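Report on the structure given below.
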Amino acid sequence: MGEDPRAALERLIAENAEDFAGLSKLVGRNSTYIQQFIKRGSPKKLPETERGILARYFGVDESVLGGPDAGATRTGIRLIPKLAVGASAGPGAIPARETPPGKIGFDEKWLRKQGLDPAKLSLIQVDGDDIMVDNRAAAGLLRDGIHVIRLDDALMVKRLASGPGGRLSVLSDNPAYPGWPDVDGATVAIIGRVVWAARRL
């Protein structure tokens, strides 16, 4: 279960140095409206209009503030967001390179059957192909396999294998590009593990 909407709003207010009265005015309510929602639970749930204004203001999905999860649909299809960055399976790409953002739908039951958390997935483009990235790998234990990594300010897709003492083997499946068989793991930022790929024909 995610963060309580009241706690989430209070956190966002603190992180952005906002105040209750100012946000109450933003949503067109009396000056104590936001404080009463957070501290007293009145109203029990933010109305759709106020929730939408606050979500856009803080740049978060409405589900954070108690709205429906934008990634889930009634048909059981989960919309996975495409991030506006590109990676390379070869020498690497600059992380800021823009690619068209959007969403692609996947069967949510299938995703969960693969052991994936749909809320922790994203899509990025690699040499013109879309790949799905499990972002849990950025914070969890490393599993050997293909990952999206940032190394020397370049975003790339490489096969990782863990070694002793926090060392990593950073290898390329394409023999045209070199690998690094012994790298200090602290110098490699792991974005996520690649769990699915779509190749253009």
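Lettering and numbering for the structure tokens are positional, with chains as A, B, ... in the shown order, residues counted from 1 in each chain, and ligands counted from 1 in the shown order.
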Find the spatial neighbours of Lys82 of chain A, counting only C-alpha atoms, within a cut-off of 6 Å - ignore same-chain residues fewer than 3 positions away - and output them as a list in words.
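Neighbouring residues, sequence-local ones excluded: Pro101, Gly102, Lys103, Ser122, Leu123 and Ile124 of chain A.
Within segment 23-163 of chain A, the backbone-based DSSP assignment of alpha helix (DSSP H) covers Leu23, Ser24, Lys25, Leu26, Tyr33, Ile34, Gln35, Gln36, Phe37, Ile38, Lys39, Arg40, Glu48, Thr49, Glu50, Arg51, Gly52, Ile53, Leu54, Ala55, Arg56, Tyr57, Phe58, Glu108, Lys109, Trp110, Leu111, Arg112 and Lys113 of chain A.
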Could you turn the residues from that selection into a file that holds N, CA and C atoms, as a PDB file, in the first residue's frame?
```pdb
ATOM      1  N   LEU A  23      -1.813  27.274  -0.206  1.00  0.00           N
ATOM      2  CA  LEU A  23      -2.347  26.204  -1.048  1.00  0.00           C
ATOM      3  C   LEU A  23      -3.865  26.156  -0.989  1.00  0.00           C
ATOM      4  N   SER A  24      -4.437  26.508   0.167  1.00  0.00           N
ATOM      5  CA  SER A  24      -5.897  26.578   0.267  1.00  0.00           C
ATOM      6  C   SER A  24      -6.433  27.630  -0.696  1.00  0.00           C
ATOM      7  N   LYS A  25      -5.739  28.762  -0.774  1.00  0.00           N
ATOM      8  CA  LYS A  25      -6.133  29.829  -1.700  1.00  0.00           C
ATOM      9  C   LYS A  25      -5.973  29.369  -3.146  1.00  0.00           C
ATOM     10  N   LEU A  26      -4.907  28.586  -3.409  1.00  0.00           N
ATOM     11  CA  LEU A  26      -4.646  28.083  -4.760  1.00  0.00           C
ATOM     12  C   LEU A  26      -5.821  27.252  -5.282  1.00  0.00           C
ATOM     13  N   TYR A  33      -8.478  25.311   4.797  1.00  0.00           N
ATOM     14  CA  TYR A  33      -8.980  24.093   4.143  1.00  0.00           C
ATOM     15  C   TYR A  33      -7.928  22.979   4.117  1.00  0.00           C
ATOM     16  N   ILE A  34      -6.724  23.280   3.651  1.00  0.00           N
ATOM     17  CA  ILE A  34      -5.678  22.253   3.532  1.00  0.00           C
ATOM     18  C   ILE A  34      -5.244  21.757   4.902  1.00  0.00           C
ATOM     19  N   GLN A  35      -5.122  22.665   5.868  1.00  0.00           N
ATOM     20  CA  GLN A  35      -4.727  22.265   7.218  1.00  0.00           C
ATOM     21  C   GLN A  35      -5.766  21.314   7.823  1.00  0.00           C
ATOM     22  N   GLN A  36      -7.038  21.612   7.627  1.00  0.00           N
ATOM     23  CA  GLN A  36      -8.091  20.755   8.167  1.00  0.00           C
ATOM     24  C   GLN A  36      -8.081  19.381   7.496  1.00  0.00           C
ATOM     25  N   PHE A  37      -7.787  19.353   6.195  1.00  0.00           N
ATOM     26  CA  PHE A  37      -7.714  18.062   5.492  1.00  0.00           C
ATOM     27  C   PHE A  37      -6.589  17.204   6.058  1.00  0.00           C
ATOM     28  N   ILE A  38      -5.423  17.807   6.271  1.00  0.00           N
ATOM     29  CA  ILE A  38      -4.259  17.052   6.738  1.00  0.00           C
ATOM     30  C   ILE A  38      -4.360  16.691   8.217  1.00  0.00           C
ATOM     31  N   LYS A  39      -4.722  17.651   9.041  1.00  0.00           N
ATOM     32  CA  LYS A  39      -4.681  17.451  10.494  1.00  0.00           C
ATOM     33  C   LYS A  39      -5.955  16.834  11.071  1.00  0.00           C
ATOM     34  N   ARG A  40      -7.115  17.142  10.471  1.00  0.00           N
ATOM     35  CA  ARG A  40      -8.376  16.691  11.043  1.00  0.00           C
ATOM     36  C   ARG A  40      -9.114  15.677  10.172  1.00  0.00           C
ATOM     37  N   GLU A  48     -12.112  15.957  -6.670  1.00  0.00           N
ATOM     38  CA  GLU A  48     -11.350  15.799  -7.911  1.00  0.00           C
ATOM     39  C   GLU A  48     -10.708  17.097  -8.387  1.00  0.00           C
ATOM     40  N   THR A  49     -11.460  18.209  -8.328  1.00  0.00           N
ATOM     41  CA  THR A  49     -10.928  19.490  -8.823  1.00  0.00           C
ATOM     42  C   THR A  49      -9.727  19.936  -8.013  1.00  0.00           C
ATOM     43  N   GLU A  50      -9.865  19.955  -6.680  1.00  0.00           N
ATOM     44  CA  GLU A  50      -8.771  20.390  -5.808  1.00  0.00           C
ATOM     45  C   GLU A  50      -7.570  19.450  -5.925  1.00  0.00           C
ATOM     46  N   ARG A  51      -7.867  18.156  -5.989  1.00  0.00           N
ATOM     47  CA  ARG A  51      -6.785  17.161  -6.120  1.00  0.00           C
ATOM     48  C   ARG A  51      -6.007  17.377  -7.409  1.00  0.00           C
ATOM     49  N   GLY A  52      -6.714  17.641  -8.499  1.00  0.00           N
ATOM     50  CA  GLY A  52      -6.060  17.868  -9.783  1.00  0.00           C
ATOM     51  C   GLY A  52      -5.171  19.090  -9.773  1.00  0.00           C
ATOM     52  N   ILE A  53      -5.657  20.173  -9.160  1.00  0.00           N
ATOM     53  CA  ILE A  53      -4.862  21.405  -9.080  1.00  0.00           C
ATOM     54  C   ILE A  53      -3.582  21.164  -8.294  1.00  0.00           C
ATOM     55  N   LEU A  54      -3.694  20.504  -7.146  1.00  0.00           N
ATOM     56  CA  LEU A  54      -2.520  20.254  -6.303  1.00  0.00           C
ATOM     57  C   LEU A  54      -1.539  19.296  -6.974  1.00  0.00           C
ATOM     58  N   ALA A  55      -2.065  18.257  -7.654  1.00  0.00           N
ATOM     59  CA  ALA A  55      -1.185  17.302  -8.329  1.00  0.00           C
ATOM     60  C   ALA A  55      -0.382  17.998  -9.419  1.00  0.00           C
ATOM     61  N   ARG A  56      -1.038  18.848 -10.201  1.00  0.00           N
ATOM     62  CA  ARG A  56      -0.319  19.583 -11.260  1.00  0.00           C
ATOM     63  C   ARG A  56       0.677  20.563 -10.658  1.00  0.00           C
ATOM     64  N   TYR A  57       0.297  21.196  -9.556  1.00  0.00           N
ATOM     65  CA  TYR A  57       1.172  22.181  -8.913  1.00  0.00           C
ATOM     66  C   TYR A  57       2.473  21.527  -8.417  1.00  0.00           C
ATOM     67  N   PHE A  58       2.332  20.345  -7.814  1.00  0.00           N
ATOM     68  CA  PHE A  58       3.512  19.665  -7.275  1.00  0.00           C
ATOM     69  C   PHE A  58       4.170  18.724  -8.279  1.00  0.00           C
ATOM     70  N   GLU A 108      -1.584  -6.489 -17.061  1.00  0.00           N
ATOM     71  CA  GLU A 108      -1.046  -6.389 -15.704  1.00  0.00           C
ATOM     72  C   GLU A 108      -0.830  -7.758 -15.066  1.00  0.00           C
ATOM     73  N   LYS A 109      -1.724  -8.716 -15.339  1.00  0.00           N
ATOM     74  CA  LYS A 109      -1.545 -10.062 -14.783  1.00  0.00           C
ATOM     75  C   LYS A 109      -0.262 -10.693 -15.311  1.00  0.00           C
ATOM     76  N   TRP A 110       0.015 -10.463 -16.596  1.00  0.00           N
ATOM     77  CA  TRP A 110       1.249 -11.011 -17.178  1.00  0.00           C
ATOM     78  C   TRP A 110       2.468 -10.398 -16.516  1.00  0.00           C
ATOM     79  N   LEU A 111       2.439  -9.088 -16.296  1.00  0.00           N
ATOM     80  CA  LEU A 111       3.572  -8.423 -15.654  1.00  0.00           C
ATOM     81  C   LEU A 111       3.824  -9.014 -14.265  1.00  0.00           C
ATOM     82  N   ARG A 112       2.758  -9.177 -13.497  1.00  0.00           N
ATOM     83  CA  ARG A 112       2.922  -9.700 -12.131  1.00  0.00           C
ATOM     84  C   ARG A 112       3.373 -11.159 -12.152  1.00  0.00           C
ATOM     85  N   LYS A 113       2.925 -11.905 -13.157  1.00  0.00           N
ATOM     86  CA  LYS A 113       3.352 -13.303 -13.281  1.00  0.00           C
ATOM     87  C   LYS A 113       4.847 -13.400 -13.530  1.00  0.00           C
TER      88      LYS A 113
END
```
Quick one: everything within 10 Å of Lys45 of chain A, counting only C-alpha atoms, minus sequence neighbours fewer than 4 positions away in the same chain. Send it as a ChimeraX atom specification.
/A:5-6,37,41,51,65-67
Identify all residues of segment 10-195 of chain A in strand (DSSP E or B) (DSSP on the backbone) and supply them as a ChimeraX atom specification.
/A:72,77-88,93,102-107,121-126,129-134,145-151,154-162,167-171,180-184,189-195
Let's have the selection written as a short mmCIF file (atom, residue, chain, number, x, y, z; two decimals), in the first residue's frame, with C-alpha atoms.
```cif
data_model
loop_
_atom_site.label_atom_id
_atom_site.label_comp_id
_atom_site.auth_asym_id
_atom_site.auth_seq_id
_atom_site.Cartn_x
_atom_site.Cartn_y
_atom_site.Cartn_z
CA ALA A 72 -4.16 1.09 -14.37
CA ILE A 77 -4.05 -3.20 -19.12
CA ARG A 78 -1.26 -1.37 -17.36
CA LEU A 79 0.13 1.72 -19.09
CA ILE A 80 3.92 1.79 -18.68
CA PRO A 81 5.45 5.25 -19.20
CA LYS A 82 8.12 5.89 -21.80
CA LEU A 83 10.85 8.12 -20.42
CA ALA A 84 12.20 10.91 -22.57
CA VAL A 85 15.77 9.62 -22.50
CA GLY A 86 17.68 7.34 -24.81
CA ALA A 87 20.40 4.80 -24.16
CA SER A 88 22.81 2.94 -26.40
CA ALA A 93 24.40 7.94 -25.23
CA GLY A 102 4.31 8.27 -24.15
CA LYS A 103 2.91 5.04 -22.73
CA ILE A 104 2.56 1.44 -23.90
CA GLY A 105 -0.06 -0.92 -22.48
CA PHE A 106 0.76 -4.34 -21.02
CA ASP A 107 -1.43 -7.00 -19.45
CA LEU A 121 8.57 -0.22 -14.54
CA SER A 122 9.45 2.24 -17.27
CA LEU A 123 10.32 2.13 -20.95
CA ILE A 124 13.27 3.77 -22.66
CA GLN A 125 14.57 3.67 -26.19
CA VAL A 126 17.80 1.92 -27.14
CA ASP A 129 14.03 -0.19 -29.91
CA ASP A 130 11.90 0.04 -26.76
CA ILE A 131 13.07 -1.79 -23.64
CA MET A 132 11.32 -2.23 -20.30
CA VAL A 133 13.36 -1.46 -17.21
CA ASP A 134 12.68 -2.73 -13.69
CA GLY A 145 21.93 -9.75 -16.31
CA ILE A 146 21.38 -6.91 -18.74
CA HIS A 147 21.02 -3.50 -17.13
CA VAL A 148 20.69 0.16 -18.02
CA ILE A 149 23.62 1.93 -16.40
CA ARG A 150 25.21 5.35 -16.29
CA LEU A 151 28.98 5.28 -16.60
CA ALA A 154 26.86 8.10 -20.68
CA LEU A 155 23.67 6.04 -20.52
CA MET A 156 24.17 2.53 -21.89
CA VAL A 157 22.82 -1.00 -21.85
CA LYS A 158 25.35 -3.62 -20.73
CA ARG A 159 25.49 -7.07 -19.22
CA LEU A 160 26.59 -6.92 -15.58
CA ALA A 161 28.13 -9.64 -13.47
CA SER A 162 29.08 -9.07 -9.84
CA ARG A 167 33.77 -5.18 -8.41
CA LEU A 168 31.68 -5.54 -11.56
CA SER A 169 32.14 -6.96 -15.01
CA VAL A 170 30.53 -4.60 -17.50
CA LEU A 171 30.23 -6.56 -20.74
CA TRP A 180 35.22 -3.67 -18.91
CA PRO A 181 35.87 -6.94 -17.05
CA ASP A 182 36.92 -5.35 -13.73
CA VAL A 183 35.23 -2.10 -12.68
CA ASP A 184 34.72 -0.51 -9.27
CA ALA A 189 25.06 3.97 -11.46
CA ILE A 190 22.49 1.24 -12.05
CA ILE A 191 19.26 2.66 -13.48
CA GLY A 192 17.46 -0.67 -13.68
CA ARG A 193 17.44 -4.23 -15.01
CA VAL A 194 16.16 -4.88 -18.53
CA VAL A 195 13.21 -7.28 -18.38
#
```
Choose the residue, out of A:Gly115, A:Gly163, A:Pro175, A:Gly128, that has the smallest atom-to-atom separation from Arg199 of chain A; count only C-alpha atoms.
A:Gly128
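Proximity of A:Ala137, A:Ala176, A:Ala198, A:Val64 to Asp4 of chain A, computed with only C-alpha atoms, is greatest for A:Val64.
If you measure from each of A:Ala139, A:Leu201, A:Leu46, A:Val188 to Val27 of chain A using only C-alpha atoms, the closest one turns out to be A:Leu46.
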Could you name the residues that touch Lys120 of chain A at 6 Å or less, counting only C-alpha atoms, but leaving out those on the same chain fewer than 2 positions away, as a VMD selection string?
chain A and resid 117 to 118 135
Output the selection as a tab-separated table (two decimals), in the first residue's frame - N, CA and C atoms for each residue.
```
chain	number	residue	atom	x	y	z
A	117	ASP	N	6.75	-5.55	-10.54
A	117	ASP	CA	5.84	-4.60	-9.92
A	117	ASP	C	5.54	-3.53	-10.98
A	118	PRO	N	4.30	-3.49	-11.51
A	118	PRO	CA	4.00	-2.55	-12.59
A	118	PRO	C	4.31	-1.10	-12.26
A	135	ASN	N	12.93	-0.75	-12.32
A	135	ASN	CA	13.68	0.25	-11.56
A	135	ASN	C	14.03	-0.20	-10.14
```
